[in-house]
Structure formats: C-alpha cells, structure tokens
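Okay, work_29.cif now, which holds mmCIF, C-alpha atoms:
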```cif
data_protein
loop_
_atom_site.group_PDB
_atom_site.id
_atom_site.type_symbol
_atom_site.label_atom_id
_atom_site.label_comp_id
_atom_site.auth_asym_id
_atom_site.auth_seq_id
_atom_site.Cartn_x
_atom_site.Cartn_y
_atom_site.Cartn_z
ATOM 1 C CA MET A 146 88.703 41.240 102.270
ATOM 2 C CA PHE A 147 89.654 44.585 103.598
ATOM 3 C CA PHE A 148 89.297 47.124 100.823
ATOM 4 C CA ILE A 149 86.070 46.046 99.208
ATOM 5 C CA GLY A 150 83.994 48.374 101.289
ATOM 6 C CA ILE A 151 86.108 51.251 100.163
ATOM 7 C CA TYR A 152 85.927 50.132 96.567
ATOM 8 C CA GLY A 153 82.175 50.003 96.855
ATOM 9 C CA PHE A 154 82.292 53.749 97.159
ATOM 10 C CA ILE A 155 83.952 54.310 93.857
ATOM 11 C CA THR A 156 81.671 52.366 91.672
ATOM 12 C CA ARG A 157 78.414 53.793 92.824
ATOM 13 C CA LYS A 158 77.069 56.433 90.525
ATOM 14 C CA ASN A 159 73.993 58.482 90.472
ATOM 15 C CA MET A 160 72.218 60.562 87.949
ATOM 16 C CA ILE A 161 70.576 63.260 90.038
ATOM 17 C CA ALA A 162 72.958 65.130 92.248
ATOM 18 C CA ILE A 163 75.840 64.631 89.883
ATOM 19 C CA LEU A 164 78.235 66.954 91.583
ATOM 20 C CA ILE A 165 77.658 65.430 94.998
ATOM 21 C CA SER A 166 78.349 61.958 93.688
ATOM 22 C CA LEU A 167 81.409 63.254 91.877
ATOM 23 C CA GLU A 168 82.597 64.501 95.216
ATOM 24 C CA LEU A 169 82.008 61.035 96.704
ATOM 25 C CA VAL A 170 83.916 59.345 93.902
ATOM 26 C CA LEU A 171 86.935 61.623 94.266
ATOM 27 C CA ASN A 172 86.856 61.112 97.997
ATOM 28 C CA ALA A 173 86.906 57.351 97.563
ATOM 29 C CA VAL A 174 89.875 57.583 95.223
ATOM 30 C CA GLU A 175 91.722 59.638 97.778
ATOM 31 C CA ILE A 176 91.013 57.100 100.497
ATOM 32 C CA ASN A 177 92.433 54.465 98.209
ATOM 33 C CA PHE A 178 95.618 56.412 97.631
ATOM 34 C CA ALA A 179 96.129 56.888 101.337
ATOM 35 C CA VAL A 180 95.293 53.298 102.231
ATOM 36 C CA PHE A 181 97.529 51.706 99.638
ATOM 37 C CA ASN A 182 100.310 54.061 100.571
ATOM 38 C CA ARG A 183 99.976 53.091 104.198
ATOM 39 C CA TYR A 184 99.648 49.366 103.825
ATOM 40 C CA LEU A 185 101.936 48.593 100.929
ATOM 41 C CA PHE A 186 104.647 51.224 101.236
ATOM 42 C CA PRO A 187 104.672 52.392 104.832
ATOM 43 C CA GLY A 188 108.048 54.040 104.466
ATOM 44 C CA GLN A 189 107.112 56.444 101.686
ATOM 45 C CA PHE A 190 104.640 59.274 101.438
ATOM 46 C CA GLU A 191 103.821 59.572 97.752
ATOM 47 C CA GLY A 192 100.210 58.482 98.140
ATOM 48 C CA MET A 193 99.711 60.934 100.935
ATOM 49 C CA PHE A 194 100.980 63.863 98.909
ATOM 50 C CA PHE A 195 98.917 62.771 95.956
ATOM 51 C CA THR A 196 95.892 62.814 98.230
ATOM 52 C CA LEU A 197 96.830 66.275 99.448
ATOM 53 C CA PHE A 198 97.019 67.687 95.933
ATOM 54 C CA GLY A 199 93.875 65.810 95.010
ATOM 55 C CA ILE A 200 91.987 67.548 97.797
ATOM 56 C CA ALA A 201 93.205 70.945 96.608
ATOM 57 C CA ILE A 202 92.202 70.253 93.019
ATOM 58 C CA THR A 203 88.805 68.957 94.091
ATOM 59 C CA ALA A 204 88.140 72.160 95.989
ATOM 60 C CA ALA A 205 89.026 74.232 92.924
ATOM 61 C CA GLU A 206 86.876 72.099 90.651
ATOM 62 C CA THR A 207 83.900 72.329 92.990
ATOM 63 C CA ALA A 208 84.127 76.115 93.151
ATOM 64 C CA VAL A 209 84.163 76.469 89.372
ATOM 65 C CA ALA A 210 81.385 73.930 88.880
ATOM 66 C CA LEU A 211 79.147 75.676 91.378
ATOM 67 C CA ALA A 212 79.801 79.026 89.696
ATOM 68 C CA ILE A 213 78.751 77.501 86.394
ATOM 69 C CA ILE A 214 75.646 75.999 87.991
ATOM 70 C CA ILE A 215 74.625 79.334 89.479
ATOM 71 C CA ASN A 216 75.125 80.993 86.128
ATOM 72 C CA ALA A 217 73.053 78.363 84.372
ATOM 73 C CA TYR A 218 70.343 78.814 86.953
ATOM 74 C CA ARG A 219 70.346 82.520 86.269
ATOM 75 C CA ALA A 220 70.113 81.887 82.553
ATOM 76 C CA ILE A 221 67.389 79.266 82.400
ATOM 77 C CA GLY A 222 65.696 79.228 85.786
ATOM 78 C CA ASN A 223 66.381 75.718 87.014
ATOM 79 C CA ILE A 224 69.221 73.273 87.143
ATOM 80 C CA ASP A 225 68.028 70.051 85.600
ATOM 81 C CA ILE A 226 70.263 68.450 83.043
ATOM 82 C CA LYS A 227 67.393 67.991 80.649
ATOM 83 C CA ASN A 228 66.787 71.704 80.264
ATOM 84 C CA LEU A 229 70.380 72.559 79.720
ATOM 85 C CA SER A 230 70.665 71.638 76.096
ATOM 86 C CA LYS A 231 71.594 74.980 74.692
ATOM 87 C CA MET A 232 74.759 76.716 75.694
ATOM 88 C CA LYS A 233 74.072 80.202 74.442
ATOM 89 C CA HIS A 234 71.304 82.368 75.656
ATOM 90 C CA MET B 107 95.581 50.440 120.933
ATOM 91 C CA ASP B 108 93.715 47.230 121.523
ATOM 92 C CA PRO B 109 93.242 45.463 118.192
ATOM 93 C CA ILE B 110 89.665 44.498 119.017
ATOM 94 C CA ILE B 111 88.699 48.098 119.682
ATOM 95 C CA ASN B 112 90.552 49.102 116.525
ATOM 96 C CA LEU B 113 88.546 46.616 114.529
ATOM 97 C CA ILE B 114 85.264 47.734 116.045
ATOM 98 C CA VAL B 115 85.986 51.389 115.349
ATOM 99 C CA PHE B 116 87.029 50.595 111.795
ATOM 100 C CA ALA B 117 83.878 48.554 111.195
ATOM 101 C CA CYS B 118 81.696 51.339 112.548
ATOM 102 C CA LEU B 119 83.402 53.912 110.340
ATOM 103 C CA GLY B 120 83.148 51.700 107.276
ATOM 104 C CA VAL B 121 79.494 50.844 107.758
ATOM 105 C CA ALA B 122 78.625 54.443 108.587
ATOM 106 C CA SER B 123 80.386 55.824 105.529
ATOM 107 C CA LEU B 124 78.838 53.245 103.216
ATOM 108 C CA VAL B 125 75.312 53.794 104.509
ATOM 109 C CA LEU B 126 75.676 57.558 104.536
ATOM 110 C CA SER B 127 77.010 57.664 101.001
ATOM 111 C CA VAL B 128 74.137 55.528 99.762
ATOM 112 C CA LEU B 129 71.804 57.967 101.479
ATOM 113 C CA ALA B 130 73.669 60.904 99.967
ATOM 114 C CA VAL B 131 73.078 59.740 96.437
ATOM 115 C CA SER B 132 69.533 58.527 96.988
ATOM 116 C CA SER B 133 67.900 61.121 99.186
ATOM 117 C CA LYS B 134 65.092 63.197 97.790
ATOM 118 C CA SER B 135 66.061 66.576 99.111
ATOM 119 C CA LEU B 136 69.243 68.154 97.854
ATOM 120 C CA LEU B 137 70.028 69.789 101.168
ATOM 121 C CA ARG B 138 69.775 66.472 102.936
ATOM 122 C CA ALA B 139 72.121 64.953 100.374
ATOM 123 C CA ALA B 140 74.652 67.682 101.125
ATOM 124 C CA THR B 141 74.417 66.934 104.839
ATOM 125 C CA TYR B 142 75.005 63.229 104.246
ATOM 126 C CA LEU B 143 77.975 64.170 102.086
ATOM 127 C CA LEU B 144 79.368 66.186 104.989
ATOM 128 C CA LEU B 145 79.044 63.170 107.280
ATOM 129 C CA VAL B 146 80.752 60.924 104.740
ATOM 130 C CA LEU B 147 83.630 63.371 104.503
ATOM 131 C CA ILE B 148 83.980 63.403 108.278
ATOM 132 C CA CYS B 149 84.049 59.590 108.247
ATOM 133 C CA THR B 150 86.830 59.824 105.692
ATOM 134 C CA ALA B 151 88.769 62.056 108.026
ATOM 135 C CA GLY B 152 88.264 59.326 110.599
ATOM 136 C CA PHE B 153 89.821 56.823 108.193
ATOM 137 C CA TYR B 154 92.840 59.071 107.758
ATOM 138 C CA LEU B 155 93.223 59.351 111.515
ATOM 139 C CA PHE B 156 92.990 55.593 111.624
ATOM 140 C CA LEU B 157 95.914 55.362 109.227
ATOM 141 C CA ASN B 158 97.880 57.822 111.357
ATOM 142 C CA TYR B 159 97.780 60.496 108.677
ATOM 143 C CA HIS B 160 96.882 63.242 111.100
ATOM 144 C CA PHE B 161 97.788 66.093 108.794
ATOM 145 C CA LEU B 162 95.646 64.638 106.039
ATOM 146 C CA ALA B 163 92.695 64.348 108.403
ATOM 147 C CA ALA B 164 93.050 67.989 109.384
ATOM 148 C CA VAL B 165 93.221 69.055 105.741
ATOM 149 C CA GLN B 166 90.232 66.902 104.921
ATOM 150 C CA ILE B 167 88.071 68.433 107.617
ATOM 151 C CA SER B 168 89.097 72.011 106.977
ATOM 152 C CA VAL B 169 88.934 71.919 103.179
ATOM 153 C CA TYR B 170 86.039 69.566 102.562
ATOM 154 C CA ALA B 171 83.845 69.970 105.596
ATOM 155 C CA GLY B 172 84.700 73.621 106.009
ATOM 156 C CA GLY B 173 84.861 74.850 102.447
ATOM 157 C CA VAL B 174 83.296 72.546 99.927
ATOM 158 C CA VAL B 175 80.150 71.667 101.840
ATOM 159 C CA VAL B 176 79.472 75.305 102.679
ATOM 160 C CA LEU B 177 79.826 76.132 98.979
ATOM 161 C CA PHE B 178 77.397 73.341 98.181
ATOM 162 C CA ILE B 179 74.844 74.618 100.654
ATOM 163 C CA PHE B 180 75.164 78.155 99.317
ATOM 164 C CA ALA B 181 74.631 76.931 95.784
ATOM 165 C CA ILE B 182 71.647 74.834 96.804
ATOM 166 C CA PHE B 183 70.013 77.782 98.515
ATOM 167 C CA LEU B 184 70.758 80.085 95.607
ATOM 168 C CA THR B 185 69.374 77.771 92.976
ATOM 169 C CA SER B 186 66.365 76.128 94.570
ATOM 170 C CA ASN B 187 62.906 77.486 93.981
ATOM 171 C CA LYS B 188 60.265 77.197 96.613
ATOM 172 C CA GLY B 189 58.603 73.827 96.690
ATOM 173 C CA ASP B 190 60.110 72.281 93.611
ATOM 174 C CA VAL B 191 60.745 68.573 93.657
ATOM 175 C CA MET B 192 63.711 66.879 92.097
ATOM 176 C CA GLN B 193 62.921 65.580 88.647
ATOM 177 C CA LYS B 194 63.162 61.858 88.150
ATOM 178 C CA HIS B 195 64.730 59.955 85.333
ATOM 179 C CA GLN B 196 63.050 56.955 83.846
ATOM 180 C CA ALA B 197 63.459 53.630 85.595
ATOM 181 C CA GLN B 198 65.728 52.444 82.800
ATOM 182 C CA LYS B 199 68.393 54.945 83.832
ATOM 183 C CA TYR B 200 68.304 53.707 87.412
ATOM 184 C CA ILE B 201 68.660 50.106 86.293
ATOM 185 C CA LEU B 202 71.601 51.034 84.077
ATOM 186 C CA GLY B 203 73.313 52.905 86.899
ATOM 187 C CA ALA B 204 72.808 50.045 89.331
ATOM 188 C CA LEU B 205 74.126 47.572 86.772
ATOM 189 C CA ALA B 206 77.230 49.674 86.173
ATOM 190 C CA ALA B 207 77.857 50.005 89.903
ATOM 191 C CA LEU B 208 77.363 46.302 90.620
ATOM 192 C CA GLY B 209 79.565 45.353 87.679
ATOM 193 C CA GLY B 210 82.315 47.610 88.929
ATOM 194 C CA ILE B 211 82.074 46.188 92.435
ATOM 195 C CA ALA B 212 82.170 42.641 91.048
ATOM 196 C CA VAL B 213 85.256 43.299 88.934
ATOM 197 C CA THR B 214 87.204 44.959 91.734
ATOM 198 C CA ALA B 215 86.205 42.291 94.240
ATOM 199 C CA PHE B 216 87.269 39.573 91.825
ATOM 200 C CA VAL B 217 90.642 41.188 91.238
ATOM 201 C CA LEU B 218 91.211 41.812 94.927
ATOM 202 C CA LEU B 219 90.343 38.290 95.966
ATOM 203 C CA LYS B 220 92.092 36.572 93.115
ATOM 204 C CA HIS B 221 95.461 38.260 93.184
ATOM 205 C CA ARG B 222 97.986 38.862 95.838
ATOM 206 C CA PHE B 223 99.625 42.241 96.071
ATOM 207 C CA VAL B 224 103.163 42.146 94.835
ATOM 208 C CA TYR B 225 104.411 44.280 97.658
ATOM 209 C CA SER B 226 102.383 42.748 100.455
ATOM 210 C CA GLY B 227 105.625 41.230 101.651
ATOM 211 C CA ASN B 228 106.607 44.696 102.849
ATOM 212 C CA HIS B 229 106.347 44.803 106.608
ATOM 213 C CA PRO B 230 102.787 46.020 107.045
ATOM 214 C CA MET B 231 102.600 48.614 109.788
ATOM 215 C CA GLU B 232 104.898 49.123 112.654
ATOM 216 C CA GLY B 233 103.094 50.567 115.604
ATOM 217 C CA ASP B 234 101.603 54.017 115.822
ATOM 218 C CA GLN B 235 104.114 56.001 113.858
ATOM 219 C CA GLU B 236 102.895 59.254 112.490
ATOM 220 C CA ILE B 237 104.642 61.461 109.985
ATOM 221 C CA ASN B 238 105.744 64.603 111.708
ATOM 222 C CA MET B 239 105.125 68.060 110.346
ATOM 223 C CA LYS B 240 108.768 68.751 109.630
ATOM 224 C CA VAL B 241 108.984 65.915 107.132
ATOM 225 C CA ILE B 242 105.811 67.072 105.395
ATOM 226 C CA GLY B 243 106.970 70.661 105.187
ATOM 227 C CA GLU B 244 110.347 69.735 103.809
ATOM 228 C CA ALA B 245 108.836 67.407 101.249
ATOM 229 C CA LEU B 246 106.438 70.109 100.093
ATOM 230 C CA MET B 247 109.133 72.731 99.768
ATOM 231 C CA GLY B 248 112.030 70.826 98.244
ATOM 232 C CA THR B 249 113.031 70.331 94.647
ATOM 233 C CA GLU B 250 114.805 66.999 94.843
ATOM 234 C CA LYS B 251 113.427 63.571 94.163
ATOM 235 C CA TYR B 252 110.267 62.807 96.156
ATOM 236 C CA GLN B 253 109.868 66.479 96.937
ATOM 237 C CA TYR B 254 107.047 68.546 95.696
ATOM 238 C CA LEU B 255 107.753 72.227 95.171
ATOM 239 C CA LEU B 256 106.649 72.267 91.539
ATOM 240 C CA PRO B 257 103.229 70.626 92.070
ATOM 241 C CA PHE B 258 102.718 72.898 95.046
ATOM 242 C CA GLU B 259 103.236 75.988 92.916
ATOM 243 C CA VAL B 260 101.107 74.575 90.124
ATOM 244 C CA VAL B 261 98.269 73.983 92.582
ATOM 245 C CA SER B 262 98.557 77.532 93.839
ATOM 246 C CA LEU B 263 98.336 78.791 90.258
ATOM 247 C CA LEU B 264 95.328 76.549 89.669
ATOM 248 C CA LEU B 265 93.575 77.946 92.727
ATOM 249 C CA LEU B 266 94.229 81.496 91.539
ATOM 250 C CA ALA B 267 92.888 80.690 88.091
ATOM 251 C CA CYS B 268 89.854 79.070 89.675
ATOM 252 C CA ILE B 269 89.117 82.102 91.841
ATOM 253 C CA ILE B 270 89.307 84.423 88.851
ATOM 254 C CA GLY B 271 87.288 82.056 86.702
ATOM 255 C CA GLY B 272 84.643 81.651 89.369
ATOM 256 C CA ILE B 273 84.213 85.392 89.758
ATOM 257 C CA LEU B 274 84.119 85.883 85.995
ATOM 258 C CA ILE B 275 81.539 83.171 85.453
ATOM 259 C CA ALA B 276 79.246 83.983 88.335
ATOM 260 C CA ARG B 277 79.237 87.760 88.255
ATOM 261 C CA LYS B 278 76.179 89.651 87.182
ATOM 262 C CA ARG B 279 75.951 90.701 83.605
#
```
Could you render the structure as structure tokens?
Amino acid sequence: MFFIGIYGFITRKNMIAILISLELVLNAVEINFAVFNRYLFPGQFEGMFFTLFGIAITAAETAVALAIIINAYRAIGNIDIKNLSKMKH
Amino acid sequence: MDPIINLIVFACLGVASLVLSVLAVSSKSLLRAATYLLLVLICTAGFYLFLNYHFLAAVQISVYAGGVVVLFIFAIFLTSNKGDVMQKHQAQKYILGALAALGGIAVTAFVLLKHRFVYSGNHPMEGDQEINMKVIGEALMGTEKYQYLLPFEVVSLLLLACIIGGILIARKR
C-alpha cells in the first residue's frame, strides 16, 4: 500500500542523536497530515495549516533544545545522556 | 503529468528519504547525521510539491533546511571536542529500539491493509490544482470557522517566548 513507507519513518527511533531523530519523527507526522489532507479531503486545508503550525512549533522547540544542550555542555563538558544525571551544578 | 513519470519520481523520493533517514539515525559522525537530516527534509519538500502544496514546500525548505539544520550544525560545532567518538549503548538497547520500531511498523501496516478509509469515497484528486496564496492568506488572517488568526498569534507569542528563553538559557553566566 501507499503510505507504509511514510509510516516507516515514524516508528523508527534511535538512542544516540535523540534530537535529530525527534526532528525526523515530527517531519514524518507532518507528511502524514499533508498526505491525508490531500487524499481524503481534497477540498479542505485543515491538514495543511496544521502542518504549517507544526513546522513553526518544531523550529521553536529545536532552538530551545539546542540552547539547553549548549548550556549543559558548558556545565559538564560533554553531551552524553549518561553524564547528565544531575540538574544543578 | 504522465502517471508513469509521476510514479517513478514518487518512488525515487520515497526510497531516497527512507534510506537517508536510516543513515541519519545510524551514522557514526554527528555532522554527517545532520547532513542526512537536511537531505531528508529536502525530500519531504519534494513530497509536498508532489501533493501540490507549493507554499508548504517553500516553508519547509526555508524553515527546516535554512534554519533548523544550520542551528544543528552550530550546536554540533560548539559542543564537539576534538576527536571524541560517540558513546555506544549496550546491544540490548539497540535490540529494544529495533523491536519497538518493527512492532510499530507491523501495527500500522496491519491497520492500513485491513481497513478501508471511511472517506476514501471522496473523489481522490482532480488534476493539478494548487491552493493559491490568496486563500492561504485569508485563512490565516480570519476569525471565522476554518480560519486561523488565533493559532497564528499564539505561534508568534510562542516564538517570542522561545527567543527570550533561548537567550536566557544559553547566555554566559
């Protein structure tokens, strides 16, 4: 069938570059919104606008997450999850 | 457009995005992963063009490929020491992740193949119609049903909050 390839995106997860895979997951969800909007309700645009707002929110989330990562790097010297067990420094 | 060419282009995009995303999550170097992510995002823009959502494709390229990936590369350069290798989890974690992914794929494939969409009776796609900019602008700026002024303003507030938060978090002490 047609959408399985796109669904394959969503379900893949990874433990290392967590933010990059988060980005992939959100991207896959947005593709799904657009595709279902196009193929099931071609006369309406709700899925498209949802995708639009999703992109904006993803950009915001990425900026904040990267700021936090840089701060954590400054605090403890590297950015592995394992070393990040204490919040205060 | 010719349906055969359409199909070929779609298959190329699909295969490319799948392979590139697998590479993006499995590559050793973080910078390489970010580059693969960029290519996946460009493939996604190709999908949007394929669906005749031209505005969405433009937004995708300018926001993701222009903004997010550059941020990623900055962060990678700022936080990587010279010659450090990415730490590995134990093999158990990888097996668990693969199991979760395969299970998810199996469930969605089962549901997709087993059920028919309720609305698939809607006439699928008529020709190459694209939404013109006027419709999009009016829908973003109106307050009636199916118009989106309030979410638009909320997103702008969110972006402002995120800028301030980012500066506050990342500034030097």
Evaluating the PyMOL selection byres ((chain A and resi 202) around 12) on the displayed file yields which residues, as a ChimeraX atom specification? /A:168,171-172,175,195-201,203-209 /B:169-170,174,257-258,260-268
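Between CA of Leu184 in chain B and CA of Ile215 in chain A the interatomic distance comes to 7.3 Å.
The result of the PyMOL selection byres ((chain B and resi 125-132) around 7) on the shown file is Asn159, Ala162 and Ser166 of chain A; Val121, Ala122, Ser123, Leu124, Ser133, Lys134, Ala139, Ala140, Tyr142, Leu143 and Val146 of chain B.
The closest residue to chain B, picked from A:Ala179, A:Ala220, A:Gly192, A:Val174 and counting only C-alpha atoms, is A:Ala179.
When the PyMOL selection byres ((chain B and resi 272) around 9) is run on the displayed coordinates, the residues it returns are Ala208, Val209, Ala210, Leu211, Ala212 and Ile213 of chain A; Ala267, Cys268, Ile269, Ile270, Gly271, Ile273, Leu274, Ile275, Ala276 and Arg277 of chain B.
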In Å, with one decimal, what is the gap from CA of Gly152 in chain B to CA of Phe116 in chain B? 8.9 Å
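Taking CA of Ile176 in chain A as the reference point, CA of Met193 in chain A is found at 9.5 Å.
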Residues within 10 Å of His160 in chain B, all atoms listed in the file, excluding chain neighbours under 5 positions, as a ChimeraX atom specification: /B:151-155,165-166,236-239
Could range 188-205 of chain A be completed with N, CA and C atoms and written as a PDB file, keeping the file's coordinate frame, please?
```pdb
ATOM      1  N   GLY A 188     106.918  53.154 104.274  1.00  0.00           N
ATOM      2  CA  GLY A 188     108.048  54.040 104.466  1.00  0.00           C
ATOM      3  C   GLY A 188     108.022  55.278 103.606  1.00  0.00           C
ATOM      4  N   GLN A 189     107.106  55.323 102.625  1.00  0.00           N
ATOM      5  CA  GLN A 189     107.112  56.444 101.686  1.00  0.00           C
ATOM      6  C   GLN A 189     105.820  57.222 101.796  1.00  0.00           C
ATOM      7  N   PHE A 190     105.802  58.418 101.249  1.00  0.00           N
ATOM      8  CA  PHE A 190     104.640  59.274 101.438  1.00  0.00           C
ATOM      9  C   PHE A 190     103.987  59.712 100.142  1.00  0.00           C
ATOM     10  N   GLU A 191     104.310  59.051  99.032  1.00  0.00           N
ATOM     11  CA  GLU A 191     103.821  59.572  97.752  1.00  0.00           C
ATOM     12  C   GLU A 191     102.299  59.612  97.701  1.00  0.00           C
ATOM     13  N   GLY A 192     101.662  58.538  98.166  1.00  0.00           N
ATOM     14  CA  GLY A 192     100.210  58.482  98.140  1.00  0.00           C
ATOM     15  C   GLY A 192      99.604  59.591  98.962  1.00  0.00           C
ATOM     16  N   MET A 193     100.234  59.876 100.084  1.00  0.00           N
ATOM     17  CA  MET A 193      99.711  60.934 100.935  1.00  0.00           C
ATOM     18  C   MET A 193      99.783  62.277 100.248  1.00  0.00           C
ATOM     19  N   PHE A 194     100.904  62.558  99.572  1.00  0.00           N
ATOM     20  CA  PHE A 194     100.980  63.863  98.909  1.00  0.00           C
ATOM     21  C   PHE A 194     100.045  63.924  97.730  1.00  0.00           C
ATOM     22  N   PHE A 195      99.886  62.785  97.062  1.00  0.00           N
ATOM     23  CA  PHE A 195      98.917  62.771  95.956  1.00  0.00           C
ATOM     24  C   PHE A 195      97.529  63.093  96.477  1.00  0.00           C
ATOM     25  N   THR A 196      97.192  62.519  97.636  1.00  0.00           N
ATOM     26  CA  THR A 196      95.892  62.814  98.230  1.00  0.00           C
ATOM     27  C   THR A 196      95.756  64.293  98.559  1.00  0.00           C
ATOM     28  N   LEU A 197      96.839  64.858  99.083  1.00  0.00           N
ATOM     29  CA  LEU A 197      96.830  66.275  99.448  1.00  0.00           C
ATOM     30  C   LEU A 197      96.528  67.138  98.225  1.00  0.00           C
ATOM     31  N   PHE A 198      97.253  66.889  97.135  1.00  0.00           N
ATOM     32  CA  PHE A 198      97.019  67.687  95.933  1.00  0.00           C
ATOM     33  C   PHE A 198      95.644  67.399  95.349  1.00  0.00           C
ATOM     34  N   GLY A 199      95.214  66.142  95.489  1.00  0.00           N
ATOM     35  CA  GLY A 199      93.875  65.810  95.010  1.00  0.00           C
ATOM     36  C   GLY A 199      92.810  66.610  95.725  1.00  0.00           C
ATOM     37  N   ILE A 200      92.967  66.767  97.045  1.00  0.00           N
ATOM     38  CA  ILE A 200      91.987  67.548  97.797  1.00  0.00           C
ATOM     39  C   ILE A 200      91.970  68.989  97.307  1.00  0.00           C
ATOM     40  N   ALA A 201      93.151  69.551  97.068  1.00  0.00           N
ATOM     41  CA  ALA A 201      93.205  70.945  96.608  1.00  0.00           C
ATOM     42  C   ALA A 201      92.505  71.087  95.257  1.00  0.00           C
ATOM     43  N   ILE A 202      92.786  70.155  94.348  1.00  0.00           N
ATOM     44  CA  ILE A 202      92.202  70.253  93.019  1.00  0.00           C
ATOM     45  C   ILE A 202      90.697  70.057  93.070  1.00  0.00           C
ATOM     46  N   THR A 203      90.247  69.152  93.962  1.00  0.00           N
ATOM     47  CA  THR A 203      88.805  68.957  94.091  1.00  0.00           C
ATOM     48  C   THR A 203      88.103  70.219  94.562  1.00  0.00           C
ATOM     49  N   ALA A 204      88.754  70.926  95.509  1.00  0.00           N
ATOM     50  CA  ALA A 204      88.140  72.160  95.989  1.00  0.00           C
ATOM     51  C   ALA A 204      88.013  73.162  94.848  1.00  0.00           C
ATOM     52  N   ALA A 205      89.069  73.294  94.042  1.00  0.00           N
ATOM     53  CA  ALA A 205      89.026  74.232  92.924  1.00  0.00           C
ATOM     54  C   ALA A 205      87.920  73.871  91.946  1.00  0.00           C
TER      55      ALA A 205
END
```
